[in-house]
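Peer 1: Input structure: target38.cif, which contains mmCIF, C-alpha atoms.
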```cif
data_protein
#
loop_
_atom_site.label_atom_id
_atom_site.label_comp_id
_atom_site.auth_asym_id
_atom_site.auth_seq_id
_atom_site.Cartn_x
_atom_site.Cartn_y
_atom_site.Cartn_z
CA MET Q 1 -10.30 3.49 61.42
CA GLY Q 2 -13.95 2.63 61.34
CA ARG Q 3 -15.33 6.10 61.24
CA TRP Q 4 -17.17 7.35 58.23
CA VAL Q 5 -15.12 9.50 55.88
CA PRO Q 6 -17.06 11.67 53.45
CA ASP Q 7 -16.07 11.03 49.80
CA SER Q 8 -12.92 9.04 50.54
CA GLN Q 9 -12.64 8.06 46.92
CA GLY Q 10 -12.63 11.63 45.69
CA ARG Q 11 -10.07 12.65 48.29
CA LEU Q 12 -7.84 9.70 47.42
CA ILE Q 13 -7.88 10.64 43.75
CA LYS Q 14 -7.04 14.26 44.55
CA ALA Q 15 -4.30 13.23 46.98
CA ALA Q 16 -2.80 10.74 44.51
CA ILE Q 17 -2.67 13.21 41.64
CA GLU Q 18 -1.09 15.82 43.88
CA LEU Q 19 1.62 13.42 44.98
CA PHE Q 20 2.18 11.97 41.49
CA THR Q 21 2.55 15.52 40.18
CA GLU Q 22 4.99 16.53 42.88
CA TYR Q 23 7.10 13.38 43.33
CA GLY Q 24 6.37 11.31 40.22
CA PHE Q 25 4.22 8.22 39.84
CA ASP Q 26 6.95 5.68 40.56
CA GLN Q 27 8.15 7.47 43.69
CA THR Q 28 4.70 7.66 45.30
CA THR Q 29 3.42 4.84 47.53
CA VAL Q 30 -0.09 3.81 48.48
CA ALA Q 31 0.81 4.56 52.12
CA GLN Q 32 1.67 8.15 51.20
CA ILE Q 33 -1.52 8.58 49.19
CA ALA Q 34 -3.67 7.27 52.02
CA ALA Q 35 -1.90 9.47 54.57
CA HIS Q 36 -2.21 12.53 52.34
CA ALA Q 37 -5.95 11.86 51.94
CA GLY Q 38 -6.32 11.28 55.67
CA VAL Q 39 -7.55 7.70 55.36
CA THR Q 40 -6.08 4.29 56.10
CA GLN Q 41 -4.46 2.05 53.50
CA ARG Q 42 -7.36 -0.33 54.08
CA THR Q 43 -9.72 2.40 52.88
CA PHE Q 44 -7.51 2.94 49.84
CA PHE Q 45 -7.77 -0.72 48.89
CA ARG Q 46 -11.52 -0.63 49.35
CA TYR Q 47 -11.65 1.65 46.29
CA PHE Q 48 -8.58 0.78 44.22
CA ALA Q 49 -6.58 -2.37 43.50
CA ASP Q 50 -3.35 -0.36 43.23
CA LYS Q 51 -2.08 3.17 42.68
CA ARG Q 52 -2.39 2.89 38.91
CA GLU Q 53 -6.11 2.24 39.25
CA VAL Q 54 -6.53 5.69 40.81
CA LEU Q 55 -5.77 7.12 37.37
CA PHE Q 56 -7.91 4.69 35.38
CA TRP Q 57 -10.91 3.80 37.53
CA GLY Q 58 -13.19 6.17 35.56
CA GLN Q 59 -12.46 4.51 32.23
CA GLN Q 60 -15.06 1.76 32.55
CA LYS Q 61 -17.65 4.37 33.42
CA LEU Q 62 -16.58 6.48 30.42
CA ASP Q 63 -16.88 3.49 28.12
CA SER Q 64 -20.38 2.60 29.32
CA LEU Q 65 -21.49 6.20 29.17
CA LEU Q 66 -20.34 6.68 25.58
CA VAL Q 67 -21.83 3.40 24.41
CA ALA Q 68 -25.15 4.31 26.04
CA ALA Q 69 -25.00 7.76 24.43
CA LEU Q 70 -24.38 6.20 21.02
CA GLU Q 71 -27.26 3.78 21.49
CA ALA Q 72 -29.51 6.74 22.26
CA VAL Q 73 -28.72 8.52 18.97
CA PRO Q 74 -31.56 7.99 16.46
CA GLU Q 75 -30.87 5.30 13.84
CA ASP Q 76 -31.16 7.70 10.91
CA VAL Q 77 -28.21 9.82 12.05
CA GLU Q 78 -25.10 9.21 9.90
CA PRO Q 79 -22.52 6.95 11.63
CA LEU Q 80 -19.76 9.53 12.12
CA ASP Q 81 -22.22 12.15 13.39
CA ALA Q 82 -23.61 9.57 15.79
CA ALA Q 83 -20.18 8.54 17.09
CA VAL Q 84 -19.10 12.16 17.56
CA GLU Q 85 -22.38 12.89 19.36
CA ALA Q 86 -21.52 10.00 21.69
CA VAL Q 87 -18.02 11.24 22.53
CA LYS Q 88 -19.45 14.66 23.38
CA SER Q 89 -21.16 13.07 26.35
CA ALA Q 90 -17.76 12.46 27.98
CA GLY Q 91 -18.07 15.98 29.35
CA ALA Q 92 -20.34 14.51 32.02
CA VAL Q 93 -17.42 12.43 33.34
CA PHE Q 94 -14.77 15.14 32.97
CA GLY Q 95 -16.86 17.90 34.53
CA ASP Q 96 -16.62 21.53 33.49
CA GLU Q 97 -13.27 22.16 35.14
CA PRO Q 98 -10.28 20.85 33.17
CA GLU Q 99 -7.85 21.27 36.09
CA GLY Q 100 -8.22 17.68 37.35
CA PRO Q 101 -8.04 16.07 33.88
CA ARG Q 102 -5.07 18.28 32.99
CA LEU Q 103 -3.06 17.22 36.05
CA ARG Q 104 -3.99 13.57 35.47
CA ASN Q 105 -2.86 13.94 31.87
CA GLN Q 106 0.49 15.39 32.87
CA VAL Q 107 1.12 12.46 35.21
CA ILE Q 108 0.30 10.02 32.42
CA ALA Q 109 2.36 11.84 29.78
CA ALA Q 110 5.43 11.67 32.03
CA ASN Q 111 5.38 7.87 32.31
CA THR Q 112 5.66 5.51 29.33
CA GLU Q 113 3.79 2.64 30.99
CA LEU Q 114 0.90 4.88 31.99
CA ARG Q 115 0.81 6.38 28.51
CA GLU Q 116 0.63 2.94 26.97
CA ARG Q 117 -2.19 1.99 29.30
CA GLU Q 118 -4.09 5.17 28.44
CA LEU Q 119 -3.69 4.50 24.71
CA LEU Q 120 -4.99 0.97 25.18
CA LYS Q 121 -8.06 2.31 26.98
CA VAL Q 122 -8.70 4.75 24.14
CA ALA Q 123 -8.28 1.95 21.57
CA MET Q 124 -10.76 -0.17 23.52
CA LEU Q 125 -13.18 2.74 23.58
CA ALA Q 126 -12.96 2.93 19.78
CA GLU Q 127 -13.70 -0.80 19.60
CA SER Q 128 -16.74 -0.44 21.85
CA LEU Q 129 -18.09 2.35 19.68
CA ALA Q 130 -17.40 0.37 16.48
CA ALA Q 131 -19.23 -2.65 17.91
CA THR Q 132 -22.16 -0.43 18.87
CA LEU Q 133 -22.32 1.09 15.36
CA SER Q 134 -22.19 -2.41 13.86
CA ARG Q 135 -25.41 -3.26 15.67
CA ARG Q 136 -27.03 -0.54 13.57
CA ASP Q 137 -27.30 -0.78 9.82
CA VAL Q 138 -23.60 0.06 9.39
CA ASP Q 139 -21.10 -2.26 7.70
CA PRO Q 140 -18.07 -3.26 9.83
CA ASP Q 141 -15.53 -1.22 7.80
CA THR Q 142 -17.56 1.96 8.03
CA ALA Q 143 -18.25 1.30 11.71
CA ARG Q 144 -14.54 0.95 12.44
CA LEU Q 145 -13.59 4.04 10.45
CA ALA Q 146 -16.36 6.17 11.98
CA ALA Q 147 -15.55 4.99 15.53
CA GLN Q 148 -11.80 5.54 15.18
CA THR Q 149 -12.34 8.94 13.59
CA ALA Q 150 -14.72 9.97 16.38
CA VAL Q 151 -12.14 8.86 18.95
CA THR Q 152 -9.50 10.90 17.10
CA VAL Q 153 -11.79 13.93 17.33
CA PHE Q 154 -12.26 13.10 21.01
CA ALA Q 155 -8.51 12.90 21.68
CA VAL Q 156 -7.65 16.09 19.79
CA ALA Q 157 -10.53 17.94 21.47
CA PHE Q 158 -9.46 16.66 24.88
CA ALA Q 159 -5.86 17.84 24.41
CA HIS Q 160 -7.22 21.22 23.39
CA TRP Q 161 -9.78 21.45 26.16
CA ILE Q 162 -7.37 20.81 29.03
CA ASP Q 163 -5.00 23.40 27.59
CA GLU Q 164 -7.38 26.34 27.34
CA ASP Q 165 -6.97 29.40 29.52
CA ALA Q 166 -10.69 30.12 29.62
CA PRO Q 167 -12.22 26.64 29.80
CA ARG Q 168 -15.31 25.90 27.75
CA GLN Q 169 -17.69 22.94 27.89
CA PHE Q 170 -15.99 19.79 26.60
CA ALA Q 171 -18.85 19.20 24.14
CA THR Q 172 -18.30 22.65 22.64
CA VAL Q 173 -14.65 21.85 21.94
CA VAL Q 174 -15.65 18.50 20.38
CA ASP Q 175 -18.09 20.31 18.08
CA GLU Q 176 -15.40 22.75 17.06
CA THR Q 177 -12.84 19.99 16.41
CA TYR Q 178 -15.38 18.08 14.34
CA ARG Q 179 -16.11 21.18 12.26
CA ASN Q 180 -12.36 21.58 11.72
CA LEU Q 181 -12.08 17.98 10.57
CA LYS Q 182 -14.93 18.44 8.11
CA ALA Q 183 -13.22 21.55 6.77
CA LEU Q 184 -9.94 19.60 6.43
CA THR Q 185 -11.49 16.74 4.48
CA ALA Q 186 -13.60 19.10 2.37
CA THR Q 187 -10.62 21.15 1.17
CA ALA Q 188 -8.60 17.98 0.69
CA GLY Q 189 -7.89 16.38 -2.65
CA VAL Q 190 -10.30 18.26 -4.87
CA GLY Q 191 -10.32 16.32 -8.10
CA SER Q 192 -7.84 13.71 -6.87
CA ALA Q 193 -8.45 10.13 -5.69
CA MET A 194 30.02 -19.67 15.26
CA GLY A 195 32.10 -17.29 13.21
CA ARG A 196 30.84 -18.23 9.79
CA TRP A 197 28.86 -15.81 7.70
CA VAL A 198 25.12 -16.33 7.73
CA PRO A 199 23.16 -14.70 4.91
CA ASP A 200 20.35 -12.38 6.11
CA SER A 201 20.44 -13.50 9.73
CA GLN A 202 18.20 -10.63 10.71
CA GLY A 203 15.48 -11.65 8.28
CA ARG A 204 15.65 -15.26 9.40
CA LEU A 205 15.53 -14.28 13.06
CA ILE A 206 12.39 -12.22 12.47
CA LYS A 207 10.73 -15.05 10.59
CA ALA A 208 11.76 -17.61 13.21
CA ALA A 209 10.57 -15.40 16.08
CA ILE A 210 7.15 -14.76 14.56
CA GLU A 211 6.71 -18.46 13.84
CA LEU A 212 7.52 -19.38 17.43
CA PHE A 213 5.47 -16.52 18.93
CA THR A 214 2.52 -17.62 16.79
CA GLU A 215 2.84 -21.26 17.80
CA TYR A 216 3.81 -21.03 21.48
CA GLY A 217 2.95 -17.47 22.45
CA PHE A 218 5.25 -14.50 23.03
CA ASP A 219 5.81 -15.09 26.75
CA GLN A 220 6.62 -18.77 26.30
CA THR A 221 9.27 -18.22 23.62
CA THR A 222 12.92 -17.63 24.58
CA VAL A 223 15.74 -15.94 22.68
CA ALA A 224 17.59 -19.29 22.74
CA GLN A 225 14.69 -20.95 20.92
CA ILE A 226 14.47 -18.16 18.35
CA ALA A 227 18.18 -18.32 17.62
CA ALA A 228 18.11 -22.13 17.32
CA HIS A 229 15.04 -22.01 15.06
CA ALA A 230 16.81 -19.48 12.81
CA GLY A 231 19.99 -21.56 12.83
CA VAL A 232 22.15 -18.87 14.42
CA THR A 233 23.78 -18.37 17.81
CA GLN A 234 22.30 -16.26 20.61
CA ARG A 235 25.26 -13.96 20.12
CA THR A 236 24.08 -13.33 16.56
CA PHE A 237 20.58 -12.64 17.88
CA PHE A 238 21.88 -9.97 20.22
CA ARG A 239 23.90 -8.40 17.42
CA TYR A 240 20.55 -7.42 15.86
CA PHE A 241 18.08 -7.11 18.73
CA ALA A 242 18.26 -6.03 22.37
CA ASP A 243 15.56 -8.53 23.36
CA LYS A 244 12.78 -10.63 21.87
CA ARG A 245 10.32 -7.74 21.93
CA GLU A 246 12.60 -5.74 19.67
CA VAL A 247 12.16 -8.34 16.95
CA LEU A 248 8.59 -7.11 16.62
CA PHE A 249 9.35 -3.39 16.79
CA TRP A 250 12.74 -2.88 15.16
CA GLY A 251 11.13 -1.57 11.93
CA GLN A 252 9.26 1.20 13.70
CA GLN A 253 12.09 3.73 13.68
CA LYS A 254 12.55 3.11 9.98
CA LEU A 255 8.82 3.56 9.38
CA ASP A 256 8.82 6.81 11.30
CA SER A 257 11.76 8.24 9.32
CA LEU A 258 10.30 7.06 6.03
CA LEU A 259 6.93 8.69 6.64
CA VAL A 260 8.45 11.95 7.86
CA ALA A 261 10.68 12.06 4.76
CA ALA A 262 7.68 11.31 2.55
CA LEU A 263 5.72 14.14 4.17
CA GLU A 264 8.62 16.55 3.73
CA ALA A 265 8.69 15.65 0.03
CA VAL A 266 5.03 16.59 -0.52
CA PRO A 267 4.76 20.05 -2.15
CA GLU A 268 3.93 22.86 0.27
CA ASP A 269 0.71 23.81 -1.51
CA VAL A 270 -0.92 20.41 -0.85
CA GLU A 271 -3.57 20.61 1.89
CA PRO A 272 -2.33 19.27 5.27
CA LEU A 273 -4.57 16.20 5.50
CA ASP A 274 -3.87 15.23 1.87
CA ALA A 275 -0.17 15.63 2.56
CA ALA A 276 -0.26 13.51 5.72
CA VAL A 277 -2.27 10.76 4.01
CA GLU A 278 0.16 10.84 1.08
CA ALA A 279 2.94 10.26 3.61
CA VAL A 280 1.31 7.26 5.30
CA LYS A 281 0.82 5.64 1.89
CA SER A 282 4.56 5.29 1.64
CA ALA A 283 4.52 2.76 4.49
CA GLY A 284 3.86 0.16 1.81
CA ALA A 285 7.60 0.24 1.09
CA VAL A 286 8.27 -1.11 4.61
CA PHE A 287 5.40 -3.60 4.68
CA GLY A 288 6.06 -5.01 1.22
CA ASP A 289 3.33 -6.28 -1.06
CA GLU A 290 2.69 -9.46 0.88
CA PRO A 291 0.55 -8.97 4.01
CA GLU A 292 1.34 -12.45 5.40
CA GLY A 293 4.27 -11.29 7.57
CA PRO A 294 2.52 -8.15 8.91
CA ARG A 295 -0.63 -10.22 9.55
CA LEU A 296 1.20 -12.80 11.67
CA ARG A 297 3.08 -10.05 13.52
CA ASN A 298 -0.23 -8.34 14.17
CA GLN A 299 -1.78 -11.49 15.59
CA VAL A 300 1.12 -11.92 18.00
CA ILE A 301 0.72 -8.32 19.16
CA ALA A 302 -3.07 -8.51 19.47
CA ALA A 303 -2.76 -11.54 21.76
CA ASN A 304 -0.58 -9.76 24.33
CA THR A 305 -1.67 -6.64 26.23
CA GLU A 306 1.85 -5.33 26.81
CA LEU A 307 2.76 -5.68 23.13
CA ARG A 308 -0.48 -4.02 22.13
CA GLU A 309 0.25 -1.10 24.42
CA ARG A 310 3.72 -0.78 22.95
CA GLU A 311 2.32 -0.84 19.42
CA LEU A 312 -0.22 1.86 20.26
CA LEU A 313 2.53 4.03 21.73
CA LYS A 314 4.56 3.67 18.52
CA VAL A 315 1.53 4.71 16.47
CA ALA A 316 0.91 7.69 18.77
CA MET A 317 4.55 8.71 18.38
CA LEU A 318 4.22 8.42 14.62
CA ALA A 319 1.26 10.83 14.75
CA GLU A 320 3.38 13.24 16.79
CA SER A 321 6.22 13.07 14.26
CA LEU A 322 3.83 13.83 11.42
CA ALA A 323 2.22 16.69 13.38
CA ALA A 324 5.64 18.19 14.08
CA THR A 325 6.54 17.90 10.40
CA LEU A 326 3.30 19.61 9.35
CA SER A 327 3.93 22.37 11.89
CA ARG A 328 7.15 23.22 10.08
CA ARG A 329 4.97 24.12 7.09
CA ASP A 330 2.50 26.94 7.16
CA VAL A 331 0.06 24.91 9.28
CA ASP A 332 -1.12 25.98 12.74
CA PRO A 333 -0.45 23.49 15.57
CA ASP A 334 -4.13 22.52 16.09
CA THR A 335 -4.65 21.77 12.41
CA ALA A 336 -1.33 19.93 12.25
CA ARG A 337 -2.31 17.70 15.17
CA LEU A 338 -5.79 17.00 13.79
CA ALA A 339 -4.50 16.26 10.27
CA ALA A 340 -1.70 14.01 11.57
CA GLN A 341 -3.94 12.05 13.91
CA THR A 342 -6.59 11.67 11.25
CA ALA A 343 -4.01 10.44 8.73
CA VAL A 344 -2.76 7.93 11.29
CA THR A 345 -6.36 6.79 11.87
CA VAL A 346 -6.70 6.25 8.11
CA PHE A 347 -3.39 4.38 8.23
CA ALA A 348 -4.52 2.10 11.08
CA VAL A 349 -7.92 1.32 9.55
CA ALA A 350 -6.32 0.70 6.14
CA PHE A 351 -3.69 -1.54 7.71
CA ALA A 352 -6.27 -3.66 9.54
CA HIS A 353 -8.14 -4.01 6.27
CA TRP A 354 -5.08 -4.73 4.15
CA ILE A 355 -3.76 -7.60 6.27
CA ASP A 356 -7.21 -9.15 6.26
CA GLU A 357 -7.81 -9.28 2.51
CA ASP A 358 -8.00 -12.56 0.64
CA ALA A 359 -6.59 -11.10 -2.58
CA PRO A 360 -3.98 -8.65 -1.30
CA ARG A 361 -3.65 -5.27 -2.96
CA GLN A 362 -0.96 -2.62 -2.65
CA PHE A 363 -1.05 -1.00 0.78
CA ALA A 364 -1.21 2.48 -0.83
CA THR A 365 -4.34 1.45 -2.75
CA VAL A 366 -6.10 0.48 0.48
CA VAL A 367 -5.06 3.77 2.09
CA ASP A 368 -6.53 5.67 -0.87
CA GLU A 369 -9.76 3.75 -0.57
CA THR A 370 -9.98 4.30 3.20
CA TYR A 371 -9.34 8.00 2.74
CA ARG A 372 -12.11 8.22 0.13
CA ASN A 373 -14.43 6.46 2.58
CA LEU A 374 -13.55 8.95 5.30
CA LYS A 375 -14.26 11.87 2.98
CA ALA A 376 -17.62 10.32 2.12
CA LEU A 377 -18.37 9.88 5.84
CA THR A 378 -17.61 13.48 6.72
CA ALA A 379 -19.40 14.79 3.62
CA THR A 380 -22.67 13.02 4.42
CA ALA A 381 -22.34 13.95 8.08
CA GLY A 382 -24.29 16.67 9.78
CA VAL A 383 -25.84 18.42 6.80
CA GLY A 384 -27.22 21.63 8.24
CA SER A 385 -26.04 20.85 11.77
CA ALA A 386 -23.06 22.24 13.68
#
```
Rewrite the structure from the file as structure tokens, please.
Peer 2:
Amino acid sequence: MGRWVPDSQGRLIKAAIELFTEYGFDQTTVAQIAAHAGVTQRTFFRYFADKREVLFWGQQKLDSLLVAALEAVPEDVEPLDAAVEAVKSAGAVFGDEPEGPRLRNQVIAANTELRERELLKVAMLAESLAATLSRRDVDPDTARLAAQTAVTVFAVAFAHWIDEDAPRQFATVVDETYRNLKALTATAGVGSA
Amino acid sequence: MGRWVPDSQGRLIKAAIELFTEYGFDQTTVAQIAAHAGVTQRTFFRYFADKREVLFWGQQKLDSLLVAALEAVPEDVEPLDAAVEAVKSAGAVFGDEPEGPRLRNQVIAANTELRERELLKVAMLAESLAATLSRRDVDPDTARLAAQTAVTVFAVAFAHWIDEDAPRQFATVVDETYRNLKALTATAGVGSA
């Protein structure tokens, strides 16, 4: 009970995702997760309020990281460039190995409630980035559009990144997605609108 | 009970949004909505499975409308142009008067569960558009990026449209937002990436 367990949190996350993947999110209990990680339920609740939190605990960290990254971009960088630069820094949270994020994503995709929660977190991330851009010399409309577009690039890049056979750095995939978006808008509507 | 009530569905929607706005979504019952609309609960349930459905019943229609609009765009139109053209047609569902959509939006914004549901519907709309683009000569990555970007334009335009003092056509605001996005990506990263 009282003995020190190295990286209990990491083992709980790994154990939870394994069980969610095998038995489904709804069918997995906290007791099973704790047992599978070799810790007590008390240890589980020291790190997470409930089993859903195991999937979303990193979101606050991600939010803070991206806002800090955006604040660090020089003021003279265009708003969309700045916001995309910020989302590239998410690679530090995801790591270089998409296996964990991919499994987590599969668990979330299989459950409507979890998917809704994930989408809300992403929407809140866009709001944080828009608010951060607004503190620069960027009008609110442009800030919102740049932030939401950067988060779209982020989401498309993420879906691509976790699906690659030979994983690359997350930031590299963001760069590529952003280039693709620029190509899309550049070829679009020549002469129209 | 049995007598014919003209446009019960429309009155139920109006009544529900009025009550949700005044008392909150959680505090409002189906019985109150039906009474406020001057119909029986039985009539309510002829149109909606529950009170949440009053807010989301139009979503299926919106989805079908936008997919049909996208299918109607000539094949030689660039994918992002085509997807944006499709989201413009949502104006036919929203009408020219943003008052109703604005009140609905306020109800949704005030309730986390409703917001999550709304985000899921928007995500599913993006998936429908991506699938429709994929049936053209568009690779899956480009289809996903174009669809998600068009939906981002849609969401930003919608937030703007419901907030305007002198309301314009929804399609006009989409056009404007799309022009702003093109300006953002055009000024972005000159020489970089």
Peer 1: Tell me which residues the PyMOL selection byres ((chain Q and resi 87) around 8) grabs here, as a PDB file with C-alpha atoms, in the coordinates of the input.
Peer 2:
```
ATOM      1  CA  LEU Q  66     -20.340   6.680  25.580  1.00  0.00           C
ATOM      2  CA  ALA Q  83     -20.180   8.540  17.090  1.00  0.00           C
ATOM      3  CA  VAL Q  84     -19.100  12.160  17.560  1.00  0.00           C
ATOM      4  CA  GLU Q  85     -22.380  12.890  19.360  1.00  0.00           C
ATOM      5  CA  ALA Q  86     -21.520  10.000  21.690  1.00  0.00           C
ATOM      6  CA  LYS Q  88     -19.450  14.660  23.380  1.00  0.00           C
ATOM      7  CA  SER Q  89     -21.160  13.070  26.350  1.00  0.00           C
ATOM      8  CA  ALA Q  90     -17.760  12.460  27.980  1.00  0.00           C
ATOM      9  CA  ALA Q 150     -14.720   9.970  16.380  1.00  0.00           C
ATOM     10  CA  VAL Q 151     -12.140   8.860  18.950  1.00  0.00           C
ATOM     11  CA  PHE Q 154     -12.260  13.100  21.010  1.00  0.00           C
ATOM     12  CA  VAL Q 174     -15.650  18.500  20.380  1.00  0.00           C
TER      13      VAL Q 174
END
```
Peer 1: Evaluate the PyMOL selection byres ((chain Q) within 8 of (chain A)) here and jot the selected residues down as a PDB file with C-alpha atoms, in the frame of the given file.
Peer 2:
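The resulting file, expr.pdb, is reproduced below:
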```pdb
ATOM      1  CA  GLU Q  78     -25.100   9.210   9.900  1.00  0.00           C
ATOM      2  CA  PRO Q  79     -22.520   6.950  11.630  1.00  0.00           C
ATOM      3  CA  LEU Q  80     -19.760   9.530  12.120  1.00  0.00           C
ATOM      4  CA  ASP Q  81     -22.220  12.150  13.390  1.00  0.00           C
ATOM      5  CA  ARG Q 115       0.810   6.380  28.510  1.00  0.00           C
ATOM      6  CA  GLU Q 116       0.630   2.940  26.970  1.00  0.00           C
ATOM      7  CA  ARG Q 117      -2.190   1.990  29.300  1.00  0.00           C
ATOM      8  CA  LEU Q 119      -3.690   4.500  24.710  1.00  0.00           C
ATOM      9  CA  LEU Q 120      -4.990   0.970  25.180  1.00  0.00           C
ATOM     10  CA  THR Q 142     -17.560   1.960   8.030  1.00  0.00           C
ATOM     11  CA  ARG Q 144     -14.540   0.950  12.440  1.00  0.00           C
ATOM     12  CA  LEU Q 145     -13.590   4.040  10.450  1.00  0.00           C
ATOM     13  CA  ALA Q 146     -16.360   6.170  11.980  1.00  0.00           C
ATOM     14  CA  GLN Q 148     -11.800   5.540  15.180  1.00  0.00           C
ATOM     15  CA  THR Q 149     -12.340   8.940  13.590  1.00  0.00           C
ATOM     16  CA  THR Q 152      -9.500  10.900  17.100  1.00  0.00           C
ATOM     17  CA  VAL Q 153     -11.790  13.930  17.330  1.00  0.00           C
ATOM     18  CA  VAL Q 156      -7.650  16.090  19.790  1.00  0.00           C
ATOM     19  CA  ASP Q 175     -18.090  20.310  18.080  1.00  0.00           C
ATOM     20  CA  ARG Q 179     -16.110  21.180  12.260  1.00  0.00           C
ATOM     21  CA  ASN Q 180     -12.360  21.580  11.720  1.00  0.00           C
ATOM     22  CA  LEU Q 181     -12.080  17.980  10.570  1.00  0.00           C
ATOM     23  CA  LYS Q 182     -14.930  18.440   8.110  1.00  0.00           C
ATOM     24  CA  LEU Q 184      -9.940  19.600   6.430  1.00  0.00           C
ATOM     25  CA  THR Q 185     -11.490  16.740   4.480  1.00  0.00           C
ATOM     26  CA  ALA Q 186     -13.600  19.100   2.370  1.00  0.00           C
ATOM     27  CA  THR Q 187     -10.620  21.150   1.170  1.00  0.00           C
ATOM     28  CA  ALA Q 188      -8.600  17.980   0.690  1.00  0.00           C
ATOM     29  CA  GLY Q 189      -7.890  16.380  -2.650  1.00  0.00           C
ATOM     30  CA  ALA Q 193      -8.450  10.130  -5.690  1.00  0.00           C
TER      31      ALA Q 193
END
```
Peer 1: What residues come out when you apply the PyMOL selection byres ((chain Q and resi 99-110) around 12) to this file, written as a ChimeraX atom specification?
Peer 2: /Q:10,13-26,28,52,54-56,58,90-91,93-98,111-119,155,158-167,170 /A:313,316
Peer 1: I'd like the interatomic distance between CA of Thr325 in chain A and CA of Pro267 in chain A, to a tenth of an Å.
Peer 2: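 Atom-to-atom, CA of Thr325 in chain A and CA of Pro267 in chain A are spaced 12.9 Å apart.
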Peer 1: Quick check, in Å to one decimal: how far apart do CA of Gln9 in chain Q and CA of Ala72 in chain Q lie?
Peer 2: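 Separation between CA of Gln9 in chain Q and CA of Ala72 in chain Q: 29.9 Å.
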Peer 1: By how many Å are CA of Phe241 in chain A and CA of Ala285 in chain A apart?
Peer 2: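 Straight-line distance from CA of Phe241 in chain A to CA of Ala285 in chain A works out to 21.8 Å.
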Peer 1: Pop range 213-254 of chain A out of the structure in the block and write C-alpha atoms as an mmCIF file, in the first residue's frame.
Peer 2:
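As a result, decode00.cif now contains:
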```
data_model
loop_
_atom_site.group_PDB
_atom_site.id
_atom_site.type_symbol
_atom_site.label_atom_id
_atom_site.label_comp_id
_atom_site.auth_asym_id
_atom_site.auth_seq_id
_atom_site.Cartn_x
_atom_site.Cartn_y
_atom_site.Cartn_z
ATOM 1 C CA PHE A 213 -34.587 27.609 -22.262
ATOM 2 C CA THR A 214 -33.436 31.220 -22.560
ATOM 3 C CA GLU A 215 -35.460 32.368 -19.569
ATOM 4 C CA TYR A 216 -35.145 29.427 -17.165
ATOM 5 C CA GLY A 217 -32.222 27.422 -18.516
ATOM 6 C CA PHE A 218 -32.231 24.139 -20.435
ATOM 7 C CA ASP A 219 -32.037 21.850 -17.398
ATOM 8 C CA GLN A 220 -34.853 23.632 -15.573
ATOM 9 C CA THR A 221 -37.318 23.436 -18.461
ATOM 10 C CA THR A 222 -39.627 20.413 -18.862
ATOM 11 C CA VAL A 223 -41.393 19.035 -21.918
ATOM 12 C CA ALA A 224 -44.706 19.712 -20.134
ATOM 13 C CA GLN A 225 -43.817 23.410 -19.845
ATOM 14 C CA ILE A 226 -42.746 23.617 -23.491
ATOM 15 C CA ALA A 227 -45.957 21.999 -24.690
ATOM 16 C CA ALA A 228 -48.104 24.258 -22.485
ATOM 17 C CA HIS A 229 -46.197 27.364 -23.628
ATOM 18 C CA ALA A 230 -46.761 26.360 -27.265
ATOM 19 C CA GLY A 231 -50.429 25.610 -26.582
ATOM 20 C CA VAL A 232 -50.219 21.943 -27.544
ATOM 21 C CA THR A 233 -50.346 18.646 -25.659
ATOM 22 C CA GLN A 234 -47.279 16.664 -24.606
ATOM 23 C CA ARG A 235 -48.457 14.016 -27.032
ATOM 24 C CA THR A 236 -48.086 16.542 -29.843
ATOM 25 C CA PHE A 237 -44.604 17.402 -28.580
ATOM 26 C CA PHE A 238 -43.532 13.777 -28.793
ATOM 27 C CA ARG A 239 -44.973 13.477 -32.289
ATOM 28 C CA TYR A 240 -42.193 15.856 -33.396
ATOM 29 C CA PHE A 241 -39.331 15.371 -30.941
ATOM 30 C CA ALA A 242 -37.924 12.449 -28.947
ATOM 31 C CA ASP A 243 -36.933 14.758 -26.075
ATOM 32 C CA LYS A 244 -36.301 18.407 -25.284
ATOM 33 C CA ARG A 245 -32.734 18.251 -26.568
ATOM 34 C CA GLU A 246 -33.996 17.235 -29.990
ATOM 35 C CA VAL A 247 -35.809 20.556 -30.279
ATOM 36 C CA LEU A 248 -32.395 22.175 -30.585
ATOM 37 C CA PHE A 249 -30.872 19.636 -32.962
ATOM 38 C CA TRP A 250 -33.684 18.390 -35.199
ATOM 39 C CA GLY A 251 -32.512 20.606 -38.115
ATOM 40 C CA GLN A 252 -29.032 19.120 -38.167
ATOM 41 C CA GLN A 253 -29.856 16.135 -40.354
ATOM 42 C CA LYS A 254 -31.526 18.463 -42.815
#
```
